[in-house]
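**Q** Can you keep this structure in mind? I'll have questions shortly.
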Amino acid sequence: MEANVAKLKEWIDASDNIVFFGGAGVSTESGIPDFRSVDGLYNQQYKYPPETILSHSFFLSEPDEFYRFYRAKMLALDAQPNAAHRKLAEWEQQGKCRAVVTQNIDGLHQKAGSREVLELHGSVLRNYCMRCRKPYDVRDIAAGQGIPRCSCGGMIKPDVVLYEESLDNYTINKSVEYIANADILIIGGTSLAVYPAASLINYYRGSRLVLINKTETPADRRADLVIHDAIGEVFSQL
């Protein structure tokens, strides 16, 4: 393990073109629950399965139930960036990290100071009226009850990609561009089980593919360096 971390540090020190691709494991170390871990939301009991509640059709048909779950389980506004978020922001300031591509919707990378963050699944911090597109702050949603309504009467929707919805084309294309041109691609805190997001790593053509995750992933065999540990623990040593 120490040898692998030392090798990673050597690679990072010599590079100015790092791209990071991260998943839920980056946020769990900040106290935000994961969906697929043993303690994740998918293993808790609700009236409906979380993947049903977080679907586009359910949002439209049962918005009151959606928002009860959403406020209770999807908003963690007091969460703070951890060692991984802070290190990536530091690398960007040093001109080493070109972009963070994230599956997370919590805004913690920006909170840590990263600027070039590509949010594949959107962000809970942004909300908008479905009728007039007026923006609303997440604190307005968190503090309210029932279905949040705009001043025009329209229903407010979080700017997150729900099940049954497509990813944003600009975000995908920009992510592919960064990944394809990266010197080092670091994949961290993701089991690479969520598609189409996970397929973006296939665009990497370099020879320094790094995978940091607590458990094995489908990409372990093709990685040039694999570290099975918590992402924050590894990044705190770099």
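Chain labels A, B, ... are given in the sequence in which chains occur in the structure tokens; within each chain residues are numbered consecutively from 1, and ligands are likewise numbered from 1 in the order shown.
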Counting only C-alpha atoms, give me one row per residue of segment 117-216 of chain A with an atom at most 12 Å from an atom of segment 74-79 of chain A, showing the shortest contact pair and its distance in Å to one decimal, sorted by chain then residue number, as JSON lines.

**A**
```
{"residue": "A:Ser123", "atom": "CA", "partner": "A:Leu75", "partner_atom": "CA", "distance": 10.3}
{"residue": "A:Val124", "atom": "CA", "partner": "A:Leu75", "partner_atom": "CA", "distance": 7.2}
{"residue": "A:Leu125", "atom": "CA", "partner": "A:Leu77", "partner_atom": "CA", "distance": 8.9}
{"residue": "A:Arg126", "atom": "CA", "partner": "A:Leu75", "partner_atom": "CA", "distance": 11.9}
{"residue": "A:Asp137", "atom": "CA", "partner": "A:Leu77", "partner_atom": "CA", "distance": 11.6}
{"residue": "A:Val138", "atom": "CA", "partner": "A:Leu77", "partner_atom": "CA", "distance": 8.6}
{"residue": "A:Arg139", "atom": "CA", "partner": "A:Leu77", "partner_atom": "CA", "distance": 8.4}
{"residue": "A:Asp140", "atom": "CA", "partner": "A:Leu77", "partner_atom": "CA", "distance": 11.9}
{"residue": "A:Ile141", "atom": "CA", "partner": "A:Leu75", "partner_atom": "CA", "distance": 9.5}
{"residue": "A:Ala142", "atom": "CA", "partner": "A:Leu75", "partner_atom": "CA", "distance": 7.5}
{"residue": "A:Ala143", "atom": "CA", "partner": "A:Leu75", "partner_atom": "CA", "distance": 11.0}
{"residue": "A:Pro158", "atom": "CA", "partner": "A:Met74", "partner_atom": "CA", "distance": 10.7}
{"residue": "A:Val160", "atom": "CA", "partner": "A:Met74", "partner_atom": "CA", "distance": 10.8}
```

**Q** DSSP on the backbone: what in segment 98-183 of chain A comes out strand (DSSP E or B), as JSON, numbers by chain?

**A** {"A": [98, 99, 100, 101, 102, 117, 118, 119, 122, 123, 124, 125, 126, 127, 128, 129, 135, 136, 137, 149, 155, 156, 157, 158, 159, 160, 163]}

**Q** Taking a cut-off of 12 Å and counting only C-alpha atoms, can you build a table that, for each residue of segment 141-219 of chain A near segment 90-110 of chain A, reports the nearest atom pair and how far apart they are in Å (one decimal), sorted by chain then residue number, as a tab-separated table?

**A**
```
residue	atom	partner	partner_atom	distance
A:Pro158	CA	A:Ile105	CA	10.3
A:Asp159	CA	A:Ile105	CA	9.2
A:Val160	CA	A:Ile105	CA	7.1
A:Val161	CA	A:Ile105	CA	9.1
A:Leu162	CA	A:Ile105	CA	11.2
A:Leu167	CA	A:Gln103	CA	10.8
A:Thr171	CA	A:Val101	CA	9.0
A:Ile172	CA	A:Val101	CA	9.4
A:Asn173	CA	A:Val101	CA	11.4
A:Lys174	CA	A:Val101	CA	9.4
A:Ser175	CA	A:Val101	CA	6.4
A:Val176	CA	A:Val101	CA	9.5
A:Glu177	CA	A:Ala99	CA	10.3
A:Tyr178	CA	A:Ala99	CA	7.0
A:Ile179	CA	A:Ala99	CA	8.8
A:Ala180	CA	A:Ala99	CA	12.0
A:Asn181	CA	A:Arg98	CA	10.1
A:Ala182	CA	A:Arg98	CA	8.3
A:Asp183	CA	A:Arg98	CA	10.1
A:Ile184	CA	A:Cys97	CA	9.3
A:Leu185	CA	A:Cys97	CA	9.9
A:Ile186	CA	A:Val100	CA	9.7
A:Ile187	CA	A:Val101	CA	9.5
A:Gly188	CA	A:Thr102	CA	9.7
A:Gly189	CA	A:Gln103	CA	10.1
A:Thr190	CA	A:Gln103	CA	8.8
A:Ser191	CA	A:Gln103	CA	11.4
A:Leu192	CA	A:Gln103	CA	10.2
A:Ala193	CA	A:Gln103	CA	11.2
A:Val194	CA	A:Gln103	CA	8.8
A:Tyr195	CA	A:Gln103	CA	10.3
A:Pro196	CA	A:Gln103	CA	10.6
A:Ala197	CA	A:Gln103	CA	7.3
A:Ala198	CA	A:Gln103	CA	9.0
A:Leu200	CA	A:Val101	CA	9.7
A:Ile201	CA	A:Val101	CA	10.3
```

**Q** Once you have the residues from the selection above, write them out as a short mmCIF file (atom, residue, chain, number, x, y, z; two decimals), in the first residue's frame, restricted to C-alpha atoms.

**A**
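Okay, part.cif is ready:
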```
data_model
loop_
_atom_site.label_atom_id
_atom_site.label_comp_id
_atom_site.auth_asym_id
_atom_site.auth_seq_id
_atom_site.Cartn_x
_atom_site.Cartn_y
_atom_site.Cartn_z
CA PRO A 158 -34.00 20.42 -8.17
CA ASP A 159 -31.39 20.69 -10.92
CA VAL A 160 -30.45 17.03 -10.52
CA VAL A 161 -30.63 14.23 -13.05
CA LEU A 162 -33.35 11.85 -11.93
CA LEU A 167 -27.39 13.59 -18.77
CA THR A 171 -21.31 18.25 -19.44
CA ILE A 172 -20.76 14.86 -21.08
CA ASN A 173 -18.82 16.28 -24.03
CA LYS A 174 -16.63 18.47 -21.81
CA SER A 175 -15.94 15.52 -19.50
CA VAL A 176 -14.96 13.31 -22.45
CA GLU A 177 -12.62 16.03 -23.72
CA TYR A 178 -10.82 16.34 -20.39
CA ILE A 179 -10.61 12.59 -19.85
CA ALA A 180 -9.38 11.83 -23.37
CA ASN A 181 -6.56 14.36 -23.08
CA ALA A 182 -5.50 13.65 -19.49
CA ASP A 183 -2.00 12.56 -18.57
CA ILE A 184 -3.26 10.95 -15.36
CA LEU A 185 -6.86 9.87 -14.79
CA ILE A 186 -7.64 9.22 -11.13
CA ILE A 187 -10.90 7.36 -10.48
CA GLY A 188 -11.89 7.58 -6.84
CA GLY A 189 -14.73 6.57 -4.56
CA THR A 190 -16.88 4.87 -7.17
CA SER A 191 -17.83 1.28 -7.89
CA LEU A 192 -18.33 2.25 -11.55
CA ALA A 193 -21.82 0.78 -11.47
CA VAL A 194 -23.79 3.83 -12.64
CA TYR A 195 -24.17 4.21 -16.39
CA PRO A 196 -23.76 6.09 -18.64
CA ALA A 197 -21.47 8.05 -16.29
CA ALA A 198 -19.10 5.11 -15.66
CA LEU A 200 -16.84 7.95 -19.71
CA ILE A 201 -13.59 6.50 -18.41
#
```

**Q** Within 9 Å of segment 4-19 of chain A, which residues of segment 192-226 of chain A show up? Give each one with its shortest atom-to-atom distance in Å (one decimal) and the two atoms involved, counting only C-alpha atoms, rows by chain then rising residue number, as a Markdown table.

**A**
```
| residue | atom | partner | partner_atom | distance |
| --- | --- | --- | --- | --- |
| A:Arg208 | CA | A:Trp11 | CA | 8.2 |
| A:Val210 | CA | A:Leu8 | CA | 8.0 |
| A:Leu225 | CA | A:Asn4 | CA | 7.1 |
| A:Val226 | CA | A:Asn4 | CA | 7.7 |
```

**Q** Output N, CA and C atoms for every residue in the selection just made, as a PDB file, in the first residue's frame.

**A**
```
ATOM      1  N   ARG A 208      -1.583   6.050 -17.359  1.00  0.00           N
ATOM      2  CA  ARG A 208      -1.534   6.220 -15.914  1.00  0.00           C
ATOM      3  C   ARG A 208      -2.955   6.326 -15.367  1.00  0.00           C
ATOM      4  N   VAL A 210      -5.395   5.476 -12.600  1.00  0.00           N
ATOM      5  CA  VAL A 210      -5.314   5.186 -11.166  1.00  0.00           C
ATOM      6  C   VAL A 210      -6.723   4.944 -10.626  1.00  0.00           C
ATOM      7  N   LEU A 225      -2.624   1.466 -11.722  1.00  0.00           N
ATOM      8  CA  LEU A 225      -2.349   1.518 -10.290  1.00  0.00           C
ATOM      9  C   LEU A 225      -3.678   1.408  -9.552  1.00  0.00           C
ATOM     10  N   VAL A 226      -3.777   0.432  -8.647  1.00  0.00           N
ATOM     11  CA  VAL A 226      -5.011   0.210  -7.889  1.00  0.00           C
ATOM     12  C   VAL A 226      -4.708   0.306  -6.395  1.00  0.00           C
TER      13      VAL A 226
END
```

**Q** Kindly provide the residues of segment 16-122 of chain A that approach segment 234-238 of chain A to within 10 Å, each paired with its closest atom pair and their distance in Å to one decimal, based on only C-alpha atoms, listed by chain and increasing number, as a Markdown table.

**A**
```
| residue | atom | partner | partner_atom | distance |
| --- | --- | --- | --- | --- |
| A:Asn82 | CA | A:Ser236 | CA | 9.3 |
| A:Ala83 | CA | A:Ser236 | CA | 5.7 |
| A:Ala84 | CA | A:Phe235 | CA | 5.5 |
| A:His85 | CA | A:Phe235 | CA | 9.0 |
| A:Arg86 | CA | A:Phe235 | CA | 9.0 |
| A:Lys87 | CA | A:Phe235 | CA | 6.6 |
| A:Leu88 | CA | A:Phe235 | CA | 8.7 |
```

**Q** Taking only C-alpha atoms into account, which of A:Ser61, A:Asn127, A:Gln80, A:Asn202 comes nearest Lys111 of chain A?

**A**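 Among the listed residues, the smallest separation from Lys111 of chain A belongs to A:Gln80.
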
**Q** By how many Å are atom CA of Leu118 of chain A and atom CA of Asp224 of chain A apart?

**A**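 Separation between atom CA of Leu118 of chain A and atom CA of Asp224 of chain A: 24.2 Å.
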
**Q** Could you write out, as a VMD selection string, all the residues of segment 46-235 of chain A that DSSP marks as alpha helix (DSSP H)?

**A** chain A and resid 50 to 53 56 to 61 63 to 73 83 to 93 108 to 112 138 to 143 169 to 181 231 to 235
